[in-house]
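Shown next: model.tsv, given as TSV, C-alpha atoms.
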```
chain	number	residue	atom	x	y	z
A	1	MET	CA	-184.13	-172.65	-144.86
A	2	ILE	CA	-186.55	-173.87	-142.18
A	3	ALA	CA	-185.40	-176.53	-139.74
A	4	GLY	CA	-187.14	-179.89	-139.81
A	5	ILE	CA	-188.62	-179.83	-143.30
A	6	PRO	CA	-187.25	-180.93	-146.72
A	7	TYR	CA	-186.96	-177.29	-147.79
A	8	TRP	CA	-185.18	-177.74	-151.12
A	9	ARG	CA	-187.31	-180.69	-152.20
A	10	LEU	CA	-190.51	-178.80	-151.54
A	11	SER	CA	-189.08	-175.66	-153.16
A	12	SER	CA	-188.03	-177.50	-156.35
A	13	PHE	CA	-191.65	-178.39	-157.07
A	14	TYR	CA	-192.74	-174.75	-156.79
A	15	PHE	CA	-189.77	-173.63	-158.92
A	16	PHE	CA	-190.67	-175.85	-161.89
A	17	TYR	CA	-194.44	-175.51	-161.47
A	18	PHE	CA	-194.27	-171.74	-161.73
A	19	ALA	CA	-191.57	-171.83	-164.39
A	20	LEU	CA	-194.30	-173.48	-166.47
A	21	VAL	CA	-196.75	-170.75	-165.43
A	22	GLY	CA	-194.08	-168.23	-166.50
A	23	ALA	CA	-194.02	-169.87	-169.91
A	24	LEU	CA	-197.77	-170.14	-170.43
A	25	SER	CA	-199.22	-167.04	-168.74
A	26	PRO	CA	-197.41	-164.39	-170.83
A	27	TYR	CA	-196.78	-166.36	-174.02
A	28	LEU	CA	-199.60	-168.84	-174.58
A	29	SER	CA	-201.89	-166.13	-175.95
A	30	LEU	CA	-199.09	-164.91	-178.24
A	31	TYR	CA	-198.53	-168.49	-179.43
A	32	LEU	CA	-202.24	-169.02	-180.06
A	33	LYS	CA	-202.42	-165.74	-182.00
A	34	ASP	CA	-199.34	-166.81	-183.98
A	35	ILE	CA	-201.06	-170.01	-185.13
A	36	GLY	CA	-204.14	-168.04	-186.22
A	37	LEU	CA	-206.68	-168.27	-183.39
A	38	THR	CA	-209.13	-165.40	-182.79
A	39	ALA	CA	-209.50	-163.43	-179.53
A	40	GLN	CA	-212.62	-165.39	-178.58
A	41	ALA	CA	-210.82	-168.68	-179.27
A	42	ILE	CA	-207.88	-167.54	-177.13
A	43	GLY	CA	-210.31	-166.65	-174.34
A	44	ALA	CA	-211.94	-170.09	-174.70
A	45	VAL	CA	-208.58	-171.92	-174.41
A	46	ASN	CA	-207.66	-169.91	-171.31
A	47	GLY	CA	-211.16	-170.52	-169.98
A	48	VAL	CA	-210.75	-174.29	-170.33
A	49	LEU	CA	-207.27	-174.06	-168.76
A	50	MET	CA	-208.74	-172.38	-165.68
A	51	GLY	CA	-212.15	-174.07	-165.84
A	52	THR	CA	-210.81	-177.55	-165.04
A	53	LYS	CA	-209.96	-176.14	-161.61
A	54	ILE	CA	-213.69	-176.14	-160.87
A	55	VAL	CA	-213.95	-179.95	-160.67
A	56	ALA	CA	-210.43	-181.39	-160.58
A	57	PRO	CA	-209.16	-179.95	-157.27
A	58	ASN	CA	-212.32	-181.03	-155.41
A	59	LEU	CA	-212.15	-184.54	-156.84
A	60	TRP	CA	-208.46	-184.81	-156.03
A	61	GLY	CA	-208.85	-183.20	-152.62
A	62	TRP	CA	-211.49	-185.76	-151.69
A	63	LEU	CA	-209.34	-188.62	-153.05
A	64	CYS	CA	-206.20	-187.45	-151.23
A	65	ASP	CA	-207.99	-186.90	-147.91
A	66	ARG	CA	-209.71	-190.29	-148.18
A	67	THR	CA	-206.66	-192.37	-149.15
A	68	GLY	CA	-203.91	-190.48	-147.34
A	69	GLN	CA	-201.72	-191.09	-150.42
A	70	ARG	CA	-201.43	-187.40	-151.28
A	71	LEU	CA	-197.93	-187.39	-152.81
A	72	ARG	CA	-198.49	-190.58	-154.80
A	73	ILE	CA	-201.63	-189.06	-156.33
A	74	ILE	CA	-199.77	-185.79	-157.01
A	75	ALA	CA	-197.01	-187.72	-158.81
A	76	ILE	CA	-199.51	-189.68	-160.93
A	77	GLY	CA	-201.36	-186.48	-161.85
A	78	SER	CA	-198.14	-184.72	-162.84
A	79	PHE	CA	-197.12	-187.63	-165.08
A	80	VAL	CA	-200.50	-187.84	-166.84
A	81	ALA	CA	-200.53	-184.05	-167.35
A	82	MET	CA	-197.12	-184.29	-169.03
A	83	MET	CA	-198.25	-187.08	-171.33
A	84	CYS	CA	-201.46	-185.30	-172.35
A	85	PHE	CA	-199.66	-182.00	-173.02
A	86	GLY	CA	-197.54	-183.81	-175.61
A	87	GLY	CA	-200.55	-183.72	-177.94
A	88	LEU	CA	-199.78	-180.06	-178.66
A	89	PHE	CA	-196.71	-181.21	-180.58
A	90	TYR	CA	-199.06	-182.52	-183.27
A	91	TRP	CA	-202.19	-180.33	-183.42
A	92	GLN	CA	-202.65	-176.58	-183.93
A	93	SER	CA	-206.39	-176.23	-184.64
A	94	LEU	CA	-208.92	-175.05	-182.07
A	95	ILE	CA	-210.91	-178.21	-181.25
A	96	PRO	CA	-207.87	-180.48	-180.64
A	97	ILE	CA	-206.20	-177.68	-178.62
A	98	LEU	CA	-209.32	-177.33	-176.46
A	99	LEU	CA	-209.44	-181.10	-175.89
A	100	ILE	CA	-205.73	-181.36	-175.06
A	101	THR	CA	-205.95	-178.33	-172.79
A	102	PHE	CA	-208.87	-179.92	-170.95
A	103	LEU	CA	-207.08	-183.25	-170.49
A	104	TYR	CA	-203.68	-182.03	-169.30
A	105	SER	CA	-205.03	-179.17	-167.17
A	106	PHE	CA	-207.53	-181.51	-165.46
A	107	PHE	CA	-204.52	-183.19	-163.85
A	108	TRP	CA	-202.10	-180.25	-163.71
A	109	ASN	CA	-204.58	-177.88	-162.05
A	110	ALA	CA	-205.31	-180.35	-159.26
A	111	VAL	CA	-201.66	-180.78	-158.29
A	112	LEU	CA	-200.81	-177.39	-156.78
A	113	SER	CA	-203.55	-177.20	-154.15
A	114	GLN	CA	-202.64	-180.67	-152.85
A	115	PHE	CA	-198.93	-179.88	-152.79
A	116	ASP	CA	-199.77	-176.73	-150.81
A	117	THR	CA	-201.46	-179.03	-148.30
A	118	VAL	CA	-198.29	-181.15	-148.08
A	119	THR	CA	-196.19	-178.01	-147.50
A	120	ILE	CA	-198.54	-176.70	-144.80
A	121	GLN	CA	-198.49	-180.12	-143.08
A	122	TYR	CA	-194.69	-180.09	-143.04
A	123	LEU	CA	-194.64	-176.53	-141.65
A	124	HIS	CA	-197.31	-177.32	-139.03
A	125	GLU	CA	-197.02	-174.60	-136.34
A	126	ASP	CA	-194.80	-172.54	-138.67
A	127	SER	CA	-197.48	-172.30	-141.37
A	128	HIS	CA	-196.96	-168.52	-141.55
A	129	ARG	CA	-193.58	-169.39	-143.15
A	130	TYR	CA	-195.32	-170.87	-146.21
A	131	SER	CA	-194.16	-167.87	-148.25
A	132	GLN	CA	-190.51	-168.77	-147.61
A	133	VAL	CA	-191.03	-172.05	-149.49
A	134	ARG	CA	-193.42	-170.66	-152.08
A	135	VAL	CA	-190.94	-167.89	-152.98
A	136	TRP	CA	-189.04	-170.38	-155.16
A	137	GLY	CA	-192.08	-170.58	-157.37
A	138	SER	CA	-191.79	-166.86	-157.97
A	139	ILE	CA	-188.08	-167.22	-158.73
A	140	GLY	CA	-188.86	-169.97	-161.25
A	141	PHE	CA	-191.47	-167.74	-162.86
A	142	ILE	CA	-189.03	-164.84	-163.19
A	143	ALA	CA	-186.28	-167.00	-164.70
A	144	SER	CA	-188.71	-168.52	-167.18
A	145	VAL	CA	-190.47	-165.33	-168.26
A	146	VAL	CA	-187.27	-163.31	-168.77
A	147	ILE	CA	-185.32	-166.00	-170.63
A	148	LEU	CA	-188.28	-166.88	-172.84
A	149	GLY	CA	-189.06	-163.22	-173.52
A	150	TRP	CA	-185.56	-162.75	-174.91
A	151	SER	CA	-185.75	-166.06	-176.78
A	152	PHE	CA	-189.04	-165.31	-178.50
A	153	ASP	CA	-187.69	-162.02	-179.82
A	154	HIS	CA	-184.96	-164.02	-181.57
A	155	PHE	CA	-186.52	-167.42	-182.20
A	156	SER	CA	-189.96	-168.75	-183.12
A	157	ILE	CA	-192.62	-168.78	-180.42
A	158	GLN	CA	-193.40	-172.30	-181.66
A	159	TYR	CA	-190.67	-173.44	-179.22
A	160	LEU	CA	-193.11	-172.64	-176.39
A	161	ILE	CA	-194.61	-176.12	-176.61
A	162	PRO	CA	-191.44	-178.27	-176.18
A	163	ILE	CA	-190.14	-175.90	-173.48
A	164	SER	CA	-193.41	-176.17	-171.55
A	165	TRP	CA	-193.39	-179.96	-171.88
A	166	THR	CA	-189.88	-180.03	-170.40
A	167	PHE	CA	-191.09	-178.06	-167.39
A	168	LEU	CA	-193.89	-180.61	-166.93
A	169	LEU	CA	-191.26	-183.35	-166.95
A	170	PHE	CA	-189.33	-181.63	-164.14
A	171	ILE	CA	-192.54	-181.03	-162.17
A	172	TRP	CA	-193.19	-184.77	-162.23
A	173	LEU	CA	-189.60	-185.63	-161.26
A	174	SER	CA	-189.72	-183.17	-158.34
A	175	THR	CA	-192.80	-184.93	-156.90
A	176	LEU	CA	-190.85	-188.19	-156.70
A	177	VAL	CA	-188.26	-186.90	-154.23
A	178	VAL	CA	-190.68	-185.70	-151.52
A	179	LYS	CA	-192.01	-188.09	-148.88
A	180	GLU	CA	-195.39	-187.93	-147.20
A	181	PRO	CA	-195.25	-185.52	-144.24
A	182	PRO	CA	-195.29	-187.13	-140.77
A	183	GLY	CA	-198.76	-187.72	-139.35
A	184	ARG	CA	-200.10	-185.07	-137.01
A	185	VAL	CA	-202.45	-185.49	-134.11
A	186	HIS	CA	-205.32	-183.10	-134.75
A	187	ASN	CA	-206.74	-181.35	-131.73
A	188	HIS	CA	-209.87	-180.22	-133.56
A	189	ASP	CA	-213.08	-182.28	-133.59
A	190	HIS	CA	-213.86	-183.39	-137.11
A	191	ILE	CA	-216.55	-181.27	-138.72
A	192	HIS	CA	-217.74	-182.03	-142.23
A	193	TRP	CA	-216.38	-179.46	-144.66
A	194	LEU	CA	-219.89	-178.56	-145.87
A	195	LEU	CA	-220.76	-177.25	-142.41
A	196	LEU	CA	-217.63	-175.11	-142.44
A	197	PHE	CA	-218.41	-173.93	-145.97
A	198	LYS	CA	-221.79	-172.55	-144.83
A	199	LYS	CA	-220.32	-170.18	-142.24
A	200	PRO	CA	-220.78	-166.49	-143.23
A	201	ALA	CA	-217.08	-165.60	-143.00
A	202	VAL	CA	-216.13	-168.60	-145.14
A	203	ILE	CA	-218.76	-167.68	-147.75
A	204	ALA	CA	-217.41	-164.10	-147.79
A	205	PHE	CA	-213.89	-165.42	-148.28
A	206	PHE	CA	-214.85	-167.55	-151.29
A	207	ILE	CA	-216.83	-164.71	-152.88
A	208	ALA	CA	-213.76	-162.47	-152.59
A	209	ALA	CA	-211.50	-165.22	-153.99
A	210	PHE	CA	-213.86	-165.69	-156.93
A	211	LEU	CA	-213.95	-161.96	-157.75
A	212	LEU	CA	-210.18	-161.57	-157.44
A	213	GLN	CA	-209.47	-164.41	-159.85
A	214	PHE	CA	-212.24	-163.23	-162.20
A	215	SER	CA	-210.31	-159.97	-162.46
A	216	PHE	CA	-207.10	-161.90	-163.24
A	217	GLY	CA	-208.81	-163.75	-166.13
A	218	GLY	CA	-208.34	-160.79	-168.47
A	219	TYR	CA	-204.81	-160.13	-167.23
A	220	TYR	CA	-203.60	-163.66	-167.89
A	221	SER	CA	-205.36	-163.88	-171.26
A	222	PHE	CA	-204.71	-160.46	-172.77
A	223	PHE	CA	-202.11	-158.42	-170.85
A	224	SER	CA	-199.33	-159.52	-173.22
A	225	LEU	CA	-201.45	-158.82	-176.30
A	226	HIS	CA	-202.45	-155.45	-174.81
A	227	LEU	CA	-198.80	-154.46	-174.42
A	228	GLU	CA	-197.88	-155.82	-177.85
A	229	SER	CA	-200.59	-153.62	-179.40
A	230	TYR	CA	-198.71	-150.60	-178.01
A	231	GLY	CA	-195.44	-151.72	-179.60
A	232	TYR	CA	-193.74	-153.44	-176.64
A	233	THR	CA	-191.24	-156.12	-177.68
A	234	ARG	CA	-191.63	-159.65	-176.31
A	235	MET	CA	-188.51	-159.09	-174.22
A	236	SER	CA	-189.99	-155.97	-172.63
A	237	ILE	CA	-193.29	-157.78	-172.08
A	238	GLY	CA	-191.40	-160.58	-170.35
A	239	LEU	CA	-189.49	-158.09	-168.21
A	240	LEU	CA	-192.73	-156.44	-167.07
A	241	TRP	CA	-194.18	-159.81	-166.11
A	242	ALA	CA	-190.93	-160.64	-164.32
A	243	LEU	CA	-190.90	-157.31	-162.47
A	244	GLY	CA	-194.28	-158.07	-160.95
A	245	VAL	CA	-193.13	-161.45	-159.71
A	246	PHE	CA	-189.77	-160.06	-158.51
A	247	CYS	CA	-191.70	-157.67	-156.26
A	248	GLU	CA	-193.75	-160.68	-155.15
A	249	VAL	CA	-190.49	-162.46	-154.21
A	250	ILE	CA	-189.37	-159.55	-152.03
A	251	LEU	CA	-192.72	-159.54	-150.26
A	252	PHE	CA	-192.70	-163.33	-149.77
A	253	LEU	CA	-189.35	-163.07	-147.97
A	254	TYR	CA	-190.93	-160.83	-145.31
A	255	MET	CA	-194.53	-162.07	-145.42
A	256	HIS	CA	-194.18	-164.29	-142.35
A	257	ARG	CA	-193.18	-161.24	-140.29
A	258	ILE	CA	-195.97	-159.09	-141.71
A	259	MET	CA	-198.62	-161.74	-141.03
A	260	SER	CA	-197.47	-162.09	-137.42
A	261	LYS	CA	-198.15	-158.38	-136.86
A	262	ILE	CA	-201.09	-157.48	-139.12
A	263	ASN	CA	-204.52	-159.10	-139.27
A	264	VAL	CA	-204.68	-161.36	-142.33
A	265	ALA	CA	-208.05	-159.94	-143.44
A	266	THR	CA	-206.61	-156.42	-143.33
A	267	ILE	CA	-203.74	-157.55	-145.57
A	268	LEU	CA	-206.22	-159.07	-148.00
A	269	PHE	CA	-208.41	-155.94	-148.02
A	270	TRP	CA	-205.59	-153.57	-148.95
A	271	SER	CA	-204.23	-156.02	-151.51
A	272	LEU	CA	-207.61	-156.06	-153.25
A	273	LEU	CA	-208.00	-152.30	-153.12
A	274	LEU	CA	-204.63	-151.67	-154.75
A	275	THR	CA	-205.28	-154.37	-157.33
A	276	ALA	CA	-208.31	-152.36	-158.48
A	277	VAL	CA	-206.00	-149.38	-158.98
A	278	ARG	CA	-203.55	-151.59	-160.89
A	279	TRP	CA	-206.17	-152.72	-163.43
A	280	LEU	CA	-207.16	-149.08	-164.10
A	281	MET	CA	-203.52	-148.16	-164.68
A	282	ILE	CA	-203.23	-150.97	-167.23
A	283	ALA	CA	-206.52	-149.97	-168.85
A	284	PHE	CA	-205.72	-146.33	-169.51
A	285	PHE	CA	-201.93	-145.87	-169.33
A	286	ALA	CA	-200.48	-148.87	-171.15
A	287	ASP	CA	-198.58	-146.54	-173.49
A	288	ASN	CA	-196.59	-145.16	-170.54
A	289	VAL	CA	-193.83	-147.57	-169.54
A	290	VAL	CA	-193.27	-145.82	-166.19
A	291	VAL	CA	-196.91	-146.34	-165.24
A	292	MET	CA	-196.68	-149.97	-166.35
A	293	ILE	CA	-193.64	-150.46	-164.14
A	294	ALA	CA	-195.58	-148.99	-161.22
A	295	ALA	CA	-198.59	-151.17	-162.01
A	296	GLN	CA	-196.47	-154.32	-162.04
A	297	THR	CA	-194.94	-153.56	-158.65
A	298	ILE	CA	-198.45	-153.85	-157.21
A	299	HIS	CA	-198.35	-157.54	-158.18
A	300	ALA	CA	-196.56	-158.07	-154.87
A	301	LEU	CA	-199.93	-157.37	-153.26
A	302	SER	CA	-202.29	-158.47	-156.06
A	303	PHE	CA	-200.92	-161.99	-156.00
A	304	GLY	CA	-198.20	-162.33	-153.35
A	305	ALA	CA	-199.92	-160.91	-150.26
A	306	ALA	CA	-203.39	-161.90	-151.42
A	307	HIS	CA	-202.43	-165.54	-152.08
A	308	ALA	CA	-200.44	-165.91	-148.85
A	309	GLY	CA	-203.38	-164.43	-146.97
A	310	CYS	CA	-205.83	-166.80	-148.67
A	311	ILE	CA	-203.67	-169.84	-147.87
A	312	GLU	CA	-203.56	-168.78	-144.21
A	313	LEU	CA	-207.33	-168.26	-144.09
A	314	ILE	CA	-207.92	-171.69	-145.62
A	315	ARG	CA	-205.65	-173.19	-142.95
A	316	ARG	CA	-207.71	-171.52	-140.23
A	317	PHE	CA	-211.08	-172.38	-141.76
A	318	PHE	CA	-210.41	-176.03	-142.72
A	319	HIS	CA	-208.65	-178.03	-140.02
A	320	GLY	CA	-207.16	-181.49	-139.92
A	321	PRO	CA	-208.79	-184.00	-142.31
A	322	ASN	CA	-210.55	-181.14	-144.13
A	323	ALA	CA	-207.25	-179.51	-145.13
A	324	GLY	CA	-207.07	-180.97	-148.62
A	325	GLN	CA	-210.73	-180.24	-149.31
A	326	GLY	CA	-210.27	-176.64	-148.19
A	327	GLN	CA	-207.37	-176.10	-150.57
A	328	ALA	CA	-209.38	-177.76	-153.35
A	329	LEU	CA	-212.37	-175.48	-152.78
A	330	TYR	CA	-210.13	-172.42	-152.87
A	331	SER	CA	-208.61	-173.58	-156.15
A	332	ALA	CA	-211.99	-174.55	-157.64
A	333	ILE	CA	-213.97	-171.45	-156.70
A	334	GLY	CA	-211.21	-168.88	-157.07
A	335	PHE	CA	-208.87	-170.02	-159.82
A	336	GLY	CA	-211.43	-172.34	-161.43
A	337	ILE	CA	-214.85	-170.68	-161.60
A	338	GLY	CA	-213.44	-167.17	-161.13
A	339	GLY	CA	-210.49	-167.51	-163.47
A	340	ALA	CA	-212.40	-169.38	-166.17
A	341	SER	CA	-215.36	-166.98	-166.23
A	342	GLY	CA	-212.94	-164.06	-166.29
A	343	ALA	CA	-210.96	-165.54	-169.19
A	344	VAL	CA	-214.03	-166.35	-171.29
A	345	THR	CA	-215.62	-162.95	-170.58
A	346	SER	CA	-212.39	-161.19	-171.46
A	347	GLY	CA	-212.39	-162.84	-174.89
A	348	PHE	CA	-215.61	-160.97	-175.74
A	349	LEU	CA	-214.63	-157.73	-173.99
A	350	TRP	CA	-211.26	-157.62	-175.81
A	351	ASP	CA	-213.06	-157.36	-179.15
A	352	ILE	CA	-214.96	-154.33	-177.80
A	353	SER	CA	-212.22	-152.50	-175.90
A	354	ALA	CA	-209.16	-153.35	-173.81
A	355	GLN	CA	-210.04	-150.38	-171.59
A	356	LEU	CA	-213.49	-151.83	-170.90
A	357	LEU	CA	-211.98	-155.24	-170.13
A	358	PHE	CA	-209.61	-153.95	-167.45
A	359	THR	CA	-212.16	-151.46	-166.07
A	360	ILE	CA	-214.59	-154.32	-165.41
A	361	SER	CA	-211.73	-156.24	-163.79
A	362	SER	CA	-211.13	-153.25	-161.52
A	363	PHE	CA	-214.81	-153.08	-160.57
A	364	ALA	CA	-214.83	-156.82	-159.73
A	365	VAL	CA	-211.90	-156.54	-157.37
A	366	LEU	CA	-213.33	-153.41	-155.72
A	367	LEU	CA	-216.41	-155.47	-154.96
A	368	ALA	CA	-214.15	-158.16	-153.50
A	369	ALA	CA	-212.55	-155.57	-151.20
A	370	ALA	CA	-216.01	-154.55	-149.99
A	371	VAL	CA	-216.88	-158.20	-149.27
A	372	VAL	CA	-213.68	-158.64	-147.25
A	373	TRP	CA	-214.31	-155.39	-145.32
A	374	TYR	CA	-217.82	-156.38	-144.25
A	375	GLY	CA	-217.54	-160.14	-144.22
A	376	LEU	CA	-214.06	-160.85	-142.90
A	377	ARG	CA	-212.30	-157.83	-141.49
A	378	ARG	CA	-214.89	-157.39	-138.74
A	379	THR	CA	-214.95	-161.09	-137.88
A	380	HIS	CA	-212.71	-162.80	-135.34
A	381	ILE	CA	-211.36	-165.37	-137.78
A	382	ASP	CA	-209.56	-167.51	-135.19
A	383	SER	CA	-212.90	-168.34	-133.56
A	384	ILE	CA	-214.34	-169.93	-136.73
```

Is it possible to give me this structure as structure tokens?
Amino acid sequence: MIAGIPYWRLSSFYFFYFALVGALSPYLSLYLKDIGLTAQAIGAVNGVLMGTKIVAPNLWGWLCDRTGQRLRIIAIGSFVAMMCFGGLFYWQSLIPILLITFLYSFFWNAVLSQFDTVTIQYLHEDSHRYSQVRVWGSIGFIASVVILGWSFDHFSIQYLIPISWTFLLFIWLSTLVVKEPPGRVHNHDHIHWLLLFKKPAVIAFFIAAFLLQFSFGGYYSFFSLHLESYGYTRMSIGLLWALGVFCEVILFLYMHRIMSKINVATILFWSLLLTAVRWLMIAFFADNVVVMIAAQTIHALSFGAAHAGCIELIRRFFHGPNAGQGQALYSAIGFGIGGASGAVTSGFLWDISAQLLFTISSFAVLLAAAVVWYGLRRTHIDSI
């Protein structure tokens, strides 16, 4: 716990938000395959799911920064997302699924970046302790992915929809118990976010974020199907997903100490480099469970260290009244444009070769590491 902040209230949001991610990331593609959708259709659904992050976070970031009613807007968005998701109880054909996915994800995808802003505002000078709050999201993911993996080996994967809706209900309820953080006096002169966005180091950061999430597009869309094609049970698939996030939890517990000793750009560089290795392991050694276990441990860096580093860089780049817009841009460019283009591309690559899909993902993240090395690691970030 961290003194002076509503630790458990903030943590409950992350727990349920990522419990939903733990339901959808490994099992949505299996559900869509079960109801008869093709690989390209699965890629399209995942593309829409991530693609709404391109517009929604920026719109919501602007609205939250302008009104100052960040938590009220988060609560409204969570409620509307829950109501829209309910349409999946009734339709199982591609066009209605695409429409429903667009509607609910337009609101759901905008919520996390703004809640991150709330958490950072509560932490204030202790922003490096963000990972100690965010760790409960990883715990929620693990609980969800393991329990559902066992369940879907024994019961129909059709239960994915009501379970996911229930998580959306708890996400909405958790937003109602958090109050707006106390106002802070900002010492920084207000600079329009577009001027900050044009700085070379900031551009390099967003390019790297885009490439990283592009590489994750294939992982989120087809990793479970890739493992299933090698004979892994849904329980074992769930355990492998959970292992990656368990390693992420361990890293989150110590991340605030690591970031106080090691340059954040250096952390990001090595995380990207090892992620490239991870995708190659998945591409060519999926039949070897020991290699898959090793590959999943790298998730601690691929997502845990990389995401914590990105959140810290956004905090340094976008000060004061630009905080919400900075988080929105990170979500839109990285998870939105990057994740959506990666998901859609992976739908076509999957039909050619799973090895090709993950090899291209590896190349993308290697390029991201090069961008960080030349664009960020040699820059004094605190001076930006």

Kindly provide the residues of range 214-271 of chain A that approach range 114-133 of chain A to within 9 Å, each paired with its closest atom pair and their distance in Å to one decimal, based on all atoms listed in the file, listed by chain and increasing number, as JSON lines.
```
{"residue": "A:Val249", "atom": "CA", "partner": "A:Ser131", "partner_atom": "CA", "distance": 8.8}
{"residue": "A:Leu251", "atom": "CA", "partner": "A:Ser131", "partner_atom": "CA", "distance": 8.7}
{"residue": "A:Phe252", "atom": "CA", "partner": "A:Ser131", "partner_atom": "CA", "distance": 5.0}
{"residue": "A:Leu253", "atom": "CA", "partner": "A:Gln132", "partner_atom": "CA", "distance": 5.8}
{"residue": "A:Tyr254", "atom": "CA", "partner": "A:Gln132", "partner_atom": "CA", "distance": 8.3}
{"residue": "A:Met255", "atom": "CA", "partner": "A:Ser131", "partner_atom": "CA", "distance": 6.5}
{"residue": "A:His256", "atom": "CA", "partner": "A:His128", "partner_atom": "CA", "distance": 5.1}
{"residue": "A:Arg257", "atom": "CA", "partner": "A:His128", "partner_atom": "CA", "distance": 8.3}
{"residue": "A:Met259", "atom": "CA", "partner": "A:His128", "partner_atom": "CA", "distance": 7.0}
{"residue": "A:Ser260", "atom": "CA", "partner": "A:His128", "partner_atom": "CA", "distance": 7.7}
```

Selection above as a file: C-alpha atoms, as an mmCIF file, keeping the file's coordinate frame:
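Written file, again.cif:
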```cif
data_model
loop_
_atom_site.group_PDB
_atom_site.id
_atom_site.type_symbol
_atom_site.label_atom_id
_atom_site.label_comp_id
_atom_site.auth_asym_id
_atom_site.auth_seq_id
_atom_site.Cartn_x
_atom_site.Cartn_y
_atom_site.Cartn_z
ATOM 1 C CA VAL A 249 -190.490 -162.460 -154.210
ATOM 2 C CA LEU A 251 -192.720 -159.540 -150.260
ATOM 3 C CA PHE A 252 -192.700 -163.330 -149.770
ATOM 4 C CA LEU A 253 -189.350 -163.070 -147.970
ATOM 5 C CA TYR A 254 -190.930 -160.830 -145.310
ATOM 6 C CA MET A 255 -194.530 -162.070 -145.420
ATOM 7 C CA HIS A 256 -194.180 -164.290 -142.350
ATOM 8 C CA ARG A 257 -193.180 -161.240 -140.290
ATOM 9 C CA MET A 259 -198.620 -161.740 -141.030
ATOM 10 C CA SER A 260 -197.470 -162.090 -137.420
#
```

Legend entry - Nearest to Phe358 in chain A by atom-to-atom distance, counting all atoms listed in the file, from A:Ser215, A:Thr297, A:Ser105, A:Ser229: A:Ser215

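Here CA of Leu329 in chain A and CA of Ser25 in chain A stand 22.3 Å from one another.
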
Legend entry - Nearest-residue call for Arg72 in chain A, choices A:Ile95, A:Val111, A:Leu376, A:Leu59, using only C-alpha atoms: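 The answer is A:Val111, which sits nearest to Arg72 in chain A.
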
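With all atoms listed in the file as the atoms that count, the residue of A:Met235, A:Leu24, A:Phe214, A:Gly140 with the shortest distance to Tyr159 in chain A is A:Leu24.
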
Inset, instruction - Quote the spacing between CA of Tyr104 in chain A and CA of Cys84 in chain A in Å to one decimal place. - result: 5.0 Å

Inset, instruction - Name the residues, using the chain letters and numbers of the file, that sit within 7 Å of (-214.1, -168.7, -154.5) when counting all atoms listed in the file, and give them as a ChimeraX atom specification. - result: /A:206-210,330,332-334,338

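Taking only C-alpha atoms into account, Lys199 in chain A lies nearest to A:Gly375 out of the set A:Gly375, A:Thr101, A:Val146, A:Leu63.
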
Inset, instruction - Could you check how far CA of Phe223 in chain A sits from CA of Ser11 in chain A, in Å to one decimal? - result: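 Distance reported for this atom pair: 27.9 Å.
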
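For the residues A:Leu356, A:Leu366, A:Ala41, A:Val202, ranking by smallest atom-to-atom distance to Ala276 in chain A using only C-alpha atoms places A:Leu366 first.
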
Inset, instruction - Go through A:Ser29, A:Ser138, A:Asn263, A:Ser12 one by one, measure the shortest atom-to-atom distance of each to His299 in chain A using only C-alpha atoms, and give the residue with the smallest value. - result: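 Comparing A:Ser29, A:Ser138, A:Asn263, A:Ser12 against His299 in chain A, the winner is A:Ser138.
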
Padding 6 Å on every side, please: axis-aligned box over the listed atoms of range 248-266 of chain A, centre and edge lengths to one decimal in Å, as AutoDock Vina command-line options.
```
--center_x -198.7 --center_y -160.4 --center_z -146.0 --size_x 30.7 --size_y 19.9 --size_z 30.3
```

Legend entry - Ala295 in chain A environment, 8 Å, only C-alpha atoms, sequence neighbours closer than 6 positions dropped, as a PyMOL selection string: chain A and resi 278-279+281-282

List the spatial neighbours of Phe348 in chain A as a CSV table (one decimal) with C-alpha atoms, keeping the file's coordinate frame - criterion: any atom at most 10 Å away, only C-alpha atoms, same-chain residues fewer than 3 positions off excluded.
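Okay, out-v4.csv is ready:
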```csv
chain,number,residue,atom,x,y,z
A,39,ALA,CA,-209.5,-163.4,-179.5
A,40,GLN,CA,-212.6,-165.4,-178.6
A,41,ALA,CA,-210.8,-168.7,-179.3
A,43,GLY,CA,-210.3,-166.6,-174.3
A,44,ALA,CA,-211.9,-170.1,-174.7
A,343,ALA,CA,-211.0,-165.5,-169.2
A,344,VAL,CA,-214.0,-166.4,-171.3
A,345,THR,CA,-215.6,-163.0,-170.6
A,351,ASP,CA,-213.1,-157.4,-179.2
A,352,ILE,CA,-215.0,-154.3,-177.8
A,353,SER,CA,-212.2,-152.5,-175.9
A,357,LEU,CA,-212.0,-155.2,-170.1
```

Legend entry - Near-Ser224 in chain A list (12 Å; all atoms listed in the file; drop same-chain fewer than 2 positions) as a ChimeraX atom specification: /A:24-31,33,145,149,218-222,226-241,282,286,354

Legend entry - Neighbour residues at most 12 Å from (-200.7, -187.9, -167.6) (only C-alpha atoms) as a PyMOL selection string: chain A and resi 73-87+100+102-108+111+165+168-169+171-172
